[in-house]
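K.L.:
Structure supplied as work-v2.cif; contents: mmCIF, N, CA and C atoms.
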```
data_data
#
loop_
_atom_site.label_atom_id
_atom_site.label_comp_id
_atom_site.auth_asym_id
_atom_site.auth_seq_id
_atom_site.Cartn_x
_atom_site.Cartn_y
_atom_site.Cartn_z
N MET A 1 0.82 -1.18 0.00
CA MET A 1 0.00 0.00 0.00
C MET A 1 0.87 1.26 0.00
N ASN A 2 1.79 1.37 0.97
CA ASN A 2 2.63 2.56 1.03
C ASN A 2 4.11 2.22 1.06
N GLY A 3 4.44 0.94 0.97
CA GLY A 3 5.83 0.52 0.95
C GLY A 3 6.50 0.52 2.31
N LYS A 4 5.76 0.79 3.37
CA LYS A 4 6.33 0.82 4.71
C LYS A 4 5.83 -0.39 5.50
N SER A 5 6.72 -0.94 6.31
CA SER A 5 6.32 -2.07 7.14
C SER A 5 5.56 -1.55 8.35
N GLU A 6 4.82 -2.47 8.99
CA GLU A 6 4.08 -2.10 10.18
C GLU A 6 5.00 -1.56 11.26
N SER A 7 6.18 -2.16 11.40
CA SER A 7 7.10 -1.70 12.43
C SER A 7 7.61 -0.29 12.16
N GLU A 8 7.66 0.11 10.88
CA GLU A 8 8.06 1.48 10.55
C GLU A 8 6.93 2.47 10.85
N MET A 9 5.68 2.04 10.63
CA MET A 9 4.54 2.93 10.83
C MET A 9 4.13 2.99 12.29
N HIS A 10 4.26 1.89 13.00
CA HIS A 10 3.78 1.79 14.38
C HIS A 10 4.87 2.21 15.36
N GLN A 11 5.25 3.46 15.27
CA GLN A 11 6.24 4.04 16.17
C GLN A 11 5.64 5.31 16.76
N MET A 12 5.74 5.43 18.08
CA MET A 12 5.25 6.64 18.72
C MET A 12 6.17 7.81 18.40
N ILE A 13 5.55 8.90 17.98
CA ILE A 13 6.28 10.15 17.83
C ILE A 13 5.52 11.19 18.63
N ASP A 14 6.17 12.30 18.88
CA ASP A 14 5.50 13.38 19.61
C ASP A 14 4.32 13.89 18.82
N VAL A 15 3.20 14.06 19.51
CA VAL A 15 2.00 14.67 18.93
C VAL A 15 1.80 15.96 19.71
N SER A 16 1.59 17.04 19.00
CA SER A 16 1.47 18.33 19.67
C SER A 16 0.33 18.33 20.68
N GLU A 17 0.48 19.14 21.70
CA GLU A 17 -0.56 19.27 22.71
C GLU A 17 -1.86 19.73 22.07
N GLU A 18 -1.77 20.59 21.07
CA GLU A 18 -2.96 21.09 20.38
C GLU A 18 -3.79 19.95 19.80
N TYR A 19 -3.15 19.02 19.11
CA TYR A 19 -3.90 17.93 18.48
C TYR A 19 -4.29 16.84 19.46
N ARG A 20 -3.50 16.65 20.52
CA ARG A 20 -3.94 15.72 21.56
C ARG A 20 -5.19 16.27 22.23
N GLN A 21 -5.24 17.59 22.45
CA GLN A 21 -6.42 18.19 23.07
C GLN A 21 -7.62 18.11 22.13
N LYS A 22 -7.41 18.37 20.85
CA LYS A 22 -8.52 18.27 19.88
C LYS A 22 -9.08 16.86 19.85
N MET A 23 -8.20 15.85 19.88
CA MET A 23 -8.67 14.46 19.86
C MET A 23 -9.40 14.13 21.16
N PHE A 24 -8.86 14.58 22.30
CA PHE A 24 -9.54 14.32 23.56
C PHE A 24 -10.93 14.95 23.55
N ASP A 25 -11.02 16.20 23.12
CA ASP A 25 -12.31 16.89 23.08
C ASP A 25 -13.31 16.15 22.19
N GLU A 26 -12.84 15.65 21.06
CA GLU A 26 -13.72 14.91 20.16
C GLU A 26 -14.14 13.58 20.78
N CYS A 27 -13.21 12.88 21.41
CA CYS A 27 -13.55 11.61 22.07
C CYS A 27 -14.61 11.83 23.14
N LYS A 28 -14.43 12.86 23.94
CA LYS A 28 -15.37 13.13 25.03
C LYS A 28 -16.73 13.56 24.48
N ARG A 29 -16.73 14.44 23.48
CA ARG A 29 -17.98 14.89 22.87
C ARG A 29 -18.76 13.70 22.32
N HIS A 30 -18.07 12.86 21.58
CA HIS A 30 -18.70 11.71 20.95
C HIS A 30 -19.16 10.69 22.00
N PHE A 31 -18.34 10.46 23.02
CA PHE A 31 -18.69 9.53 24.08
C PHE A 31 -19.97 9.98 24.78
N LEU A 32 -20.06 11.27 25.09
CA LEU A 32 -21.26 11.81 25.74
C LEU A 32 -22.47 11.72 24.82
N GLN A 33 -22.29 12.09 23.57
CA GLN A 33 -23.40 12.10 22.62
C GLN A 33 -23.98 10.71 22.40
N GLU A 34 -23.12 9.70 22.35
CA GLU A 34 -23.56 8.34 22.01
C GLU A 34 -23.56 7.39 23.21
N ASN A 35 -23.42 7.92 24.42
CA ASN A 35 -23.38 7.08 25.62
C ASN A 35 -22.33 5.97 25.52
N GLY A 36 -21.18 6.33 24.98
CA GLY A 36 -20.07 5.39 24.93
C GLY A 36 -20.03 4.46 23.74
N VAL A 37 -20.98 4.58 22.83
CA VAL A 37 -21.01 3.73 21.63
C VAL A 37 -20.19 4.41 20.52
N ALA A 38 -19.28 3.67 19.94
CA ALA A 38 -18.50 4.21 18.82
C ALA A 38 -19.37 4.18 17.58
N ASN A 39 -19.84 5.33 17.18
CA ASN A 39 -20.76 5.45 16.06
C ASN A 39 -20.07 6.23 14.96
N GLY A 40 -19.74 5.60 13.89
CA GLY A 40 -19.04 6.25 12.79
C GLY A 40 -19.82 7.35 12.11
N ASP A 41 -21.13 7.38 12.33
CA ASP A 41 -21.96 8.39 11.68
C ASP A 41 -21.86 9.76 12.32
N THR A 42 -21.53 9.81 13.60
CA THR A 42 -21.55 11.10 14.30
C THR A 42 -20.19 11.57 14.78
N THR A 43 -19.17 10.78 14.61
CA THR A 43 -17.84 11.18 15.06
C THR A 43 -17.21 12.16 14.07
N LYS A 44 -16.37 13.01 14.61
CA LYS A 44 -15.63 13.96 13.78
C LYS A 44 -14.13 13.66 13.87
N ARG A 45 -13.81 12.42 14.23
CA ARG A 45 -12.41 12.04 14.40
C ARG A 45 -11.62 12.15 13.10
N SER A 46 -12.25 11.87 11.98
CA SER A 46 -11.55 11.97 10.69
C SER A 46 -11.06 13.39 10.44
N GLU A 47 -11.87 14.37 10.85
CA GLU A 47 -11.47 15.76 10.68
C GLU A 47 -10.24 16.09 11.53
N VAL A 48 -10.20 15.54 12.75
CA VAL A 48 -9.06 15.78 13.62
C VAL A 48 -7.81 15.13 13.02
N PHE A 49 -7.93 13.88 12.58
CA PHE A 49 -6.79 13.20 11.97
C PHE A 49 -6.30 13.94 10.73
N ARG A 50 -7.22 14.35 9.89
CA ARG A 50 -6.83 15.03 8.64
C ARG A 50 -6.11 16.34 8.93
N ALA A 51 -6.65 17.14 9.83
CA ALA A 51 -6.01 18.41 10.17
C ALA A 51 -4.62 18.17 10.76
N TYR A 52 -4.52 17.14 11.60
CA TYR A 52 -3.21 16.82 12.18
C TYR A 52 -2.23 16.40 11.09
N GLN A 53 -2.65 15.53 10.20
CA GLN A 53 -1.77 15.06 9.13
C GLN A 53 -1.24 16.22 8.30
N LEU A 54 -2.09 17.19 8.03
CA LEU A 54 -1.67 18.34 7.23
C LEU A 54 -0.77 19.29 8.01
N SER A 55 -0.73 19.14 9.33
CA SER A 55 0.08 20.04 10.15
C SER A 55 1.51 19.54 10.36
N ILE A 56 1.80 18.30 9.94
CA ILE A 56 3.13 17.73 10.18
C ILE A 56 3.81 17.38 8.86
N LYS A 57 5.11 17.09 8.97
CA LYS A 57 5.87 16.72 7.77
C LYS A 57 5.29 15.45 7.15
N GLU A 58 5.33 15.40 5.84
CA GLU A 58 4.78 14.25 5.11
C GLU A 58 5.41 12.94 5.57
N ASP A 59 6.71 12.95 5.84
CA ASP A 59 7.41 11.73 6.27
C ASP A 59 6.94 11.22 7.63
N ASP A 60 6.33 12.09 8.42
CA ASP A 60 5.88 11.70 9.76
C ASP A 60 4.40 11.34 9.82
N ARG A 61 3.70 11.44 8.71
CA ARG A 61 2.24 11.29 8.75
C ARG A 61 1.76 9.91 9.16
N LEU A 62 2.38 8.85 8.69
CA LEU A 62 1.95 7.51 9.09
C LEU A 62 2.19 7.28 10.57
N LYS A 63 3.40 7.58 11.03
CA LYS A 63 3.72 7.41 12.45
C LYS A 63 2.89 8.35 13.31
N GLY A 64 2.71 9.56 12.84
CA GLY A 64 1.95 10.54 13.60
C GLY A 64 0.49 10.15 13.74
N THR A 65 -0.09 9.66 12.66
CA THR A 65 -1.48 9.23 12.70
C THR A 65 -1.64 8.05 13.65
N TRP A 66 -0.72 7.10 13.57
CA TRP A 66 -0.76 5.95 14.47
C TRP A 66 -0.59 6.41 15.92
N SER A 67 0.31 7.35 16.16
CA SER A 67 0.54 7.86 17.51
C SER A 67 -0.71 8.55 18.05
N LEU A 68 -1.34 9.40 17.24
CA LEU A 68 -2.56 10.07 17.68
C LEU A 68 -3.67 9.06 17.94
N GLN A 69 -3.70 7.99 17.16
CA GLN A 69 -4.70 6.94 17.37
C GLN A 69 -4.48 6.25 18.72
N GLN A 70 -3.24 6.10 19.14
CA GLN A 70 -2.96 5.48 20.44
C GLN A 70 -3.51 6.37 21.56
N TYR A 71 -3.35 7.68 21.42
CA TYR A 71 -3.94 8.60 22.40
C TYR A 71 -5.46 8.48 22.38
N GLU A 72 -6.03 8.45 21.19
CA GLU A 72 -7.49 8.33 21.07
C GLU A 72 -8.00 7.10 21.82
N LYS A 73 -7.34 5.98 21.65
CA LYS A 73 -7.75 4.74 22.33
C LYS A 73 -7.70 4.92 23.84
N GLN A 74 -6.66 5.56 24.33
CA GLN A 74 -6.51 5.75 25.77
C GLN A 74 -7.58 6.71 26.31
N TYR A 75 -7.88 7.75 25.57
CA TYR A 75 -8.91 8.69 26.01
C TYR A 75 -10.26 7.98 26.13
N THR A 76 -10.61 7.22 25.11
CA THR A 76 -11.89 6.52 25.12
C THR A 76 -11.94 5.48 26.24
N ALA A 77 -10.85 4.75 26.44
CA ALA A 77 -10.80 3.75 27.51
C ALA A 77 -10.95 4.41 28.88
N ALA A 78 -10.33 5.58 29.06
CA ALA A 78 -10.41 6.28 30.34
C ALA A 78 -11.83 6.78 30.60
N LEU A 79 -12.51 7.26 29.56
CA LEU A 79 -13.89 7.72 29.72
C LEU A 79 -14.78 6.55 30.14
N ALA A 80 -14.64 5.42 29.46
CA ALA A 80 -15.45 4.24 29.80
C ALA A 80 -15.11 3.75 31.21
N SER A 81 -13.84 3.77 31.57
CA SER A 81 -13.42 3.33 32.89
C SER A 81 -14.02 4.21 33.99
N ALA A 82 -14.08 5.51 33.75
CA ALA A 82 -14.66 6.43 34.73
C ALA A 82 -16.14 6.14 34.94
N VAL A 83 -16.85 5.89 33.85
CA VAL A 83 -18.28 5.59 33.97
C VAL A 83 -18.47 4.26 34.69
N ARG A 84 -17.67 3.27 34.34
CA ARG A 84 -17.79 1.95 35.00
C ARG A 84 -17.40 2.01 36.47
N ALA A 85 -16.47 2.89 36.82
CA ALA A 85 -16.08 3.04 38.22
C ALA A 85 -17.26 3.57 39.04
N ALA A 86 -18.04 4.46 38.44
CA ALA A 86 -19.20 5.03 39.13
C ALA A 86 -20.42 4.12 39.05
N ASN A 87 -20.48 3.33 38.00
CA ASN A 87 -21.63 2.44 37.79
C ASN A 87 -21.12 1.13 37.18
N PRO A 88 -20.74 0.18 38.01
CA PRO A 88 -20.15 -1.08 37.52
C PRO A 88 -21.03 -1.86 36.55
N ASN A 89 -22.33 -1.63 36.57
CA ASN A 89 -23.24 -2.35 35.67
C ASN A 89 -23.46 -1.64 34.34
N TRP A 90 -22.82 -0.48 34.17
CA TRP A 90 -23.00 0.29 32.94
C TRP A 90 -22.43 -0.47 31.75
N LYS A 91 -23.16 -0.41 30.64
CA LYS A 91 -22.70 -0.97 29.37
C LYS A 91 -22.75 0.13 28.34
N ASN A 92 -21.88 0.05 27.35
CA ASN A 92 -21.88 1.05 26.27
C ASN A 92 -23.29 1.16 25.70
N GLY A 93 -23.76 2.39 25.58
CA GLY A 93 -25.10 2.64 25.07
C GLY A 93 -26.10 2.97 26.15
N ASP A 94 -25.81 2.55 27.39
CA ASP A 94 -26.69 2.88 28.51
C ASP A 94 -26.48 4.34 28.89
N PRO A 95 -27.55 5.05 29.26
CA PRO A 95 -27.38 6.43 29.72
C PRO A 95 -26.59 6.45 31.03
N PHE A 96 -25.94 7.56 31.30
CA PHE A 96 -25.19 7.73 32.55
C PHE A 96 -25.17 9.21 32.90
N ASP A 97 -24.85 9.50 34.15
CA ASP A 97 -24.73 10.88 34.61
C ASP A 97 -23.47 11.49 34.00
N GLU A 98 -23.66 12.48 33.15
CA GLU A 98 -22.53 13.08 32.43
C GLU A 98 -21.52 13.73 33.36
N SER A 99 -21.94 14.12 34.55
CA SER A 99 -21.01 14.77 35.48
C SER A 99 -19.90 13.82 35.93
N ILE A 100 -20.10 12.52 35.72
CA ILE A 100 -19.06 11.53 36.04
C ILE A 100 -17.77 11.86 35.30
N LEU A 101 -17.90 12.42 34.11
CA LEU A 101 -16.73 12.67 33.27
C LEU A 101 -16.11 14.05 33.50
N ASP A 102 -16.67 14.83 34.42
CA ASP A 102 -16.13 16.17 34.66
C ASP A 102 -14.67 16.15 35.09
N SER A 103 -14.28 15.13 35.83
CA SER A 103 -12.91 15.08 36.32
C SER A 103 -11.95 14.40 35.34
N VAL A 104 -12.46 13.87 34.25
CA VAL A 104 -11.59 13.22 33.26
C VAL A 104 -11.09 14.28 32.29
N THR A 105 -9.81 14.52 32.33
CA THR A 105 -9.19 15.51 31.44
C THR A 105 -8.10 14.82 30.61
N ARG A 106 -7.69 15.48 29.57
CA ARG A 106 -6.60 14.94 28.76
C ARG A 106 -5.37 14.74 29.64
N GLU A 107 -5.08 15.72 30.47
CA GLU A 107 -3.90 15.65 31.32
C GLU A 107 -4.00 14.48 32.30
N SER A 108 -5.20 14.25 32.85
CA SER A 108 -5.34 13.13 33.80
C SER A 108 -5.15 11.80 33.10
N VAL A 109 -5.61 11.68 31.87
CA VAL A 109 -5.43 10.43 31.12
C VAL A 109 -3.96 10.24 30.77
N GLU A 110 -3.34 11.27 30.24
CA GLU A 110 -1.94 11.15 29.84
C GLU A 110 -1.03 10.92 31.03
N GLY A 111 -1.44 11.39 32.20
CA GLY A 111 -0.65 11.17 33.41
C GLY A 111 -0.62 9.72 33.84
N THR A 112 -1.54 8.91 33.31
CA THR A 112 -1.59 7.50 33.69
C THR A 112 -0.94 6.58 32.66
N LEU A 113 -0.49 7.11 31.54
CA LEU A 113 0.15 6.26 30.54
C LEU A 113 1.45 5.70 31.11
N MET A 114 1.73 4.44 30.75
CA MET A 114 2.87 3.75 31.36
C MET A 114 3.80 3.13 30.32
N LYS A 115 5.05 2.99 30.70
CA LYS A 115 6.03 2.27 29.87
C LYS A 115 7.01 1.55 30.78
N SER A 116 7.00 0.29 30.70
CA SER A 116 7.93 -0.57 31.46
C SER A 116 8.75 0.17 32.52
N GLY A 117 8.07 0.76 33.46
CA GLY A 117 8.75 1.35 34.59
C GLY A 117 9.27 2.76 34.40
N GLN A 118 9.27 3.30 33.19
CA GLN A 118 9.76 4.66 32.96
C GLN A 118 8.58 5.56 32.66
N GLN A 119 8.74 6.85 32.91
CA GLN A 119 7.72 7.82 32.51
C GLN A 119 8.39 8.90 31.70
N ARG A 120 7.65 9.46 30.76
CA ARG A 120 8.12 10.61 30.01
C ARG A 120 6.92 11.46 29.66
N GLU A 121 7.16 12.63 29.16
CA GLU A 121 6.10 13.62 29.00
C GLU A 121 4.90 13.13 28.22
N HIS A 122 5.08 12.45 27.13
CA HIS A 122 3.96 12.10 26.27
C HIS A 122 3.46 10.68 26.46
N GLY A 123 3.82 10.04 27.54
CA GLY A 123 3.30 8.70 27.78
C GLY A 123 4.40 7.67 27.76
N LEU A 124 4.01 6.48 28.02
CA LEU A 124 4.98 5.42 28.18
C LEU A 124 4.59 4.22 27.36
N ARG A 125 5.59 3.44 27.00
CA ARG A 125 5.31 2.25 26.21
C ARG A 125 5.43 1.01 27.05
N CYS A 126 4.69 0.02 26.68
CA CYS A 126 4.79 -1.29 27.31
C CYS A 126 4.76 -2.27 26.15
N SER A 127 5.86 -2.93 25.91
CA SER A 127 5.98 -3.88 24.81
C SER A 127 5.54 -3.25 23.49
N GLU A 128 6.04 -2.04 23.23
CA GLU A 128 5.79 -1.32 21.98
C GLU A 128 4.34 -0.90 21.78
N ARG A 129 3.49 -0.98 22.81
CA ARG A 129 2.12 -0.51 22.70
C ARG A 129 1.84 0.45 23.83
N GLN A 130 1.03 1.46 23.58
CA GLN A 130 0.62 2.36 24.64
C GLN A 130 -0.37 1.62 25.53
N VAL A 131 -0.15 1.70 26.83
CA VAL A 131 -1.01 1.03 27.79
C VAL A 131 -1.32 2.02 28.90
N SER A 132 -2.55 2.15 29.26
CA SER A 132 -2.91 3.05 30.34
C SER A 132 -3.42 2.26 31.53
N TRP A 133 -3.58 2.97 32.63
CA TRP A 133 -4.15 2.36 33.82
C TRP A 133 -5.50 1.75 33.48
N ALA A 134 -6.31 2.49 32.71
CA ALA A 134 -7.65 1.99 32.35
C ALA A 134 -7.53 0.70 31.55
N TRP A 135 -6.58 0.65 30.64
CA TRP A 135 -6.38 -0.56 29.83
C TRP A 135 -5.96 -1.71 30.72
N GLU A 136 -5.02 -1.46 31.62
CA GLU A 136 -4.57 -2.52 32.51
C GLU A 136 -5.70 -3.01 33.40
N GLN A 137 -6.54 -2.10 33.86
CA GLN A 137 -7.65 -2.50 34.71
C GLN A 137 -8.65 -3.36 33.96
N SER A 138 -8.81 -3.09 32.67
CA SER A 138 -9.76 -3.88 31.90
C SER A 138 -9.16 -5.18 31.40
N ARG A 139 -7.84 -5.30 31.48
CA ARG A 139 -7.14 -6.50 31.03
C ARG A 139 -6.23 -7.01 32.14
N PRO A 140 -6.78 -7.67 33.16
CA PRO A 140 -5.96 -8.10 34.28
C PRO A 140 -4.86 -9.10 33.90
N ASP A 141 -4.99 -9.73 32.74
CA ASP A 141 -3.97 -10.68 32.30
C ASP A 141 -2.75 -9.99 31.72
N HIS A 142 -2.85 -8.67 31.45
CA HIS A 142 -1.76 -7.92 30.83
C HIS A 142 -0.72 -7.55 31.88
N LYS A 143 0.52 -7.82 31.61
CA LYS A 143 1.60 -7.44 32.53
C LYS A 143 2.64 -6.66 31.75
N CYS A 144 3.01 -5.50 32.26
CA CYS A 144 4.08 -4.73 31.63
C CYS A 144 5.41 -5.46 31.84
N ALA A 145 6.20 -5.49 30.79
CA ALA A 145 7.51 -6.16 30.90
C ALA A 145 8.55 -5.16 31.34
#
```
Please rewrite the model in this file as structure tokens.

P.N.:
Amino acid sequence: MNGKSESEMHQMIDVSEEYRQKMFDECKRHFLQENGVANGDTTKRSEVFRAYQLSIKEDDRLKGTWSLQQYEKQYTAALASAVRAANPNWKNGDPFDESILDSVTRESVEGTLMKSGQQREHGLRCSERQVSWAWEQSRPDHKCA
């Protein structure tokens, strides 16, 4: 397709705070609108990805898009985790008290990203994948190496 291997594309690179915030805002907006259901009809994530891609060097676009997608996954997982913490019986699509998400911020989510014992400004890696506290809580079998 593009002549690049998965290992070349699946590398975390720095994503500007501006675009991490735009993605977080879109994840939260969409999560609230759809009660946690990923609905391709109402999301504006493509617009965020496209604007981000146009804001960076062409050579970084594959890695950058993949990196922003890793943040997107963590934001969505953290939103769902917050709702489940307040209501353990909640399922995606069920209504919930929106104020539950008032304390979930981009900074709070990024502060929980982990990497095999090290921390750095934009998150941490665990076996070449971004893993957050929310992800670990939902996957008790997962162990950081």

K.L.:
Using only N, CA and C atoms, which protein or nucleic acid residues come within 7 Å of range 80-94 of chain A? Drop anything in the same chain fewer than 4 positions from it, and give the result as a list of chain:residue names.

P.N.:
A:Glu34, A:Asn35, A:Gly36, A:Val37, A:Tyr75, A:Thr76, A:Ile100, A:Leu101, A:Ala134

K.L.:
Determine the nearest neighbour of Met23 in chain A from the options A:Asp102, A:Asp97, A:Glu107, A:Glu72, counting all atoms listed in the file.

P.N.:
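Nearest to Met23 in chain A: A:Glu72.
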
K.L.:
Expanded to explicit residues, what is the PyMOL selection byres (((chain A and resi 58-68 and name CA) around 6) and name CA) for this file, as a list in words?

P.N.:
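Written out, the selection comes to Met9, His10, Gln11, Met12, Gln53, Lys57, Gln69, Gln70 and Tyr71 of chain A.
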
K.L.:
Could you write those residues out with N, CA and C atoms, as a short mmCIF file (atom, residue, chain, number, x, y, z; two decimals), keeping the file's coordinate frame?

P.N.:
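Everything below was put into selection_10.cif:
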```
data_model
loop_
_atom_site.label_atom_id
_atom_site.label_comp_id
_atom_site.auth_asym_id
_atom_site.auth_seq_id
_atom_site.Cartn_x
_atom_site.Cartn_y
_atom_site.Cartn_z
N MET A 9 5.68 2.04 10.63
CA MET A 9 4.54 2.93 10.83
C MET A 9 4.13 2.99 12.29
N HIS A 10 4.26 1.89 13.00
CA HIS A 10 3.78 1.79 14.38
C HIS A 10 4.87 2.21 15.36
N GLN A 11 5.25 3.46 15.27
CA GLN A 11 6.24 4.04 16.17
C GLN A 11 5.64 5.31 16.76
N MET A 12 5.74 5.43 18.08
CA MET A 12 5.25 6.64 18.72
C MET A 12 6.17 7.81 18.40
N GLN A 53 -2.65 15.53 10.20
CA GLN A 53 -1.77 15.06 9.13
C GLN A 53 -1.24 16.22 8.30
N LYS A 57 5.11 17.09 8.97
CA LYS A 57 5.87 16.72 7.77
C LYS A 57 5.29 15.45 7.15
N GLN A 69 -3.70 7.99 17.16
CA GLN A 69 -4.70 6.94 17.37
C GLN A 69 -4.48 6.25 18.72
N GLN A 70 -3.24 6.10 19.14
CA GLN A 70 -2.96 5.48 20.44
C GLN A 70 -3.51 6.37 21.56
N TYR A 71 -3.35 7.68 21.42
CA TYR A 71 -3.94 8.60 22.40
C TYR A 71 -5.46 8.48 22.38
#
```

K.L.:
For each of A:Ser99, A:Ser5, A:Gln74, A:Gln33, take the minimum atom-to-atom distance to Thr112 in chain A, counting only C-alpha atoms, then give the residue where this is smallest.

P.N.:
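Comparing A:Ser99, A:Ser5, A:Gln74, A:Gln33 against Thr112 in chain A, the winner is A:Gln74.
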
K.L.:
Name the residues that the PyMOL selection byres (((chain A and resi 106 and name CA) around 10) and name CA) pulls out of this structure, and write them as a list in words.

P.N.:
Glu17, Arg20, Gln21, Lys22, Met23, Phe24, Asp25, Lys28, Tyr71, Gln74, Tyr75, Ala78, Ser103, Val104, Thr105, Glu107, Ser108, Val109, Glu110 and Gly111 of chain A

K.L.:
Please dump the current selection as a compact mmCIF listing (two decimals), in the coordinates of the input; keep N, CA and C atoms.

P.N.:
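What ended up in out.txt:
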```txt
# COMPACT_ATOMS: atom_id res chain seq x y z
N GLU A 17 0.48 19.14 21.70
CA GLU A 17 -0.56 19.27 22.71
C GLU A 17 -1.86 19.73 22.07
N ARG A 20 -3.50 16.65 20.52
CA ARG A 20 -3.94 15.72 21.56
C ARG A 20 -5.19 16.27 22.23
N GLN A 21 -5.24 17.59 22.45
CA GLN A 21 -6.42 18.19 23.07
C GLN A 21 -7.62 18.11 22.13
N LYS A 22 -7.41 18.37 20.85
CA LYS A 22 -8.52 18.27 19.88
C LYS A 22 -9.08 16.86 19.85
N MET A 23 -8.20 15.85 19.88
CA MET A 23 -8.67 14.46 19.86
C MET A 23 -9.40 14.13 21.16
N PHE A 24 -8.86 14.58 22.30
CA PHE A 24 -9.54 14.32 23.56
C PHE A 24 -10.93 14.95 23.55
N ASP A 25 -11.02 16.20 23.12
CA ASP A 25 -12.31 16.89 23.08
C ASP A 25 -13.31 16.15 22.19
N LYS A 28 -14.43 12.86 23.94
CA LYS A 28 -15.37 13.13 25.03
C LYS A 28 -16.73 13.56 24.48
N TYR A 71 -3.35 7.68 21.42
CA TYR A 71 -3.94 8.60 22.40
C TYR A 71 -5.46 8.48 22.38
N GLN A 74 -6.66 5.56 24.33
CA GLN A 74 -6.51 5.75 25.77
C GLN A 74 -7.58 6.71 26.31
N TYR A 75 -7.88 7.75 25.57
CA TYR A 75 -8.91 8.69 26.01
C TYR A 75 -10.26 7.98 26.13
N ALA A 78 -10.33 5.58 29.06
CA ALA A 78 -10.41 6.28 30.34
C ALA A 78 -11.83 6.78 30.60
N SER A 103 -14.28 15.13 35.83
CA SER A 103 -12.91 15.08 36.32
C SER A 103 -11.95 14.40 35.34
N VAL A 104 -12.46 13.87 34.25
CA VAL A 104 -11.59 13.22 33.26
C VAL A 104 -11.09 14.28 32.29
N THR A 105 -9.81 14.52 32.33
CA THR A 105 -9.19 15.51 31.44
C THR A 105 -8.10 14.82 30.61
N GLU A 107 -5.08 15.72 30.47
CA GLU A 107 -3.90 15.65 31.32
C GLU A 107 -4.00 14.48 32.30
N SER A 108 -5.20 14.25 32.85
CA SER A 108 -5.34 13.13 33.80
C SER A 108 -5.15 11.80 33.10
N VAL A 109 -5.61 11.68 31.87
CA VAL A 109 -5.43 10.43 31.12
C VAL A 109 -3.96 10.24 30.77
N GLU A 110 -3.34 11.27 30.24
CA GLU A 110 -1.94 11.15 29.84
C GLU A 110 -1.03 10.92 31.03
N GLY A 111 -1.44 11.39 32.20
CA GLY A 111 -0.65 11.17 33.41
C GLY A 111 -0.62 9.72 33.84
```

K.L.:
Report, in Å to a single decimal, how far apart CA of Asp14 in chain A and CA of Arg29 in chain A are.

P.N.:
23.8 Å
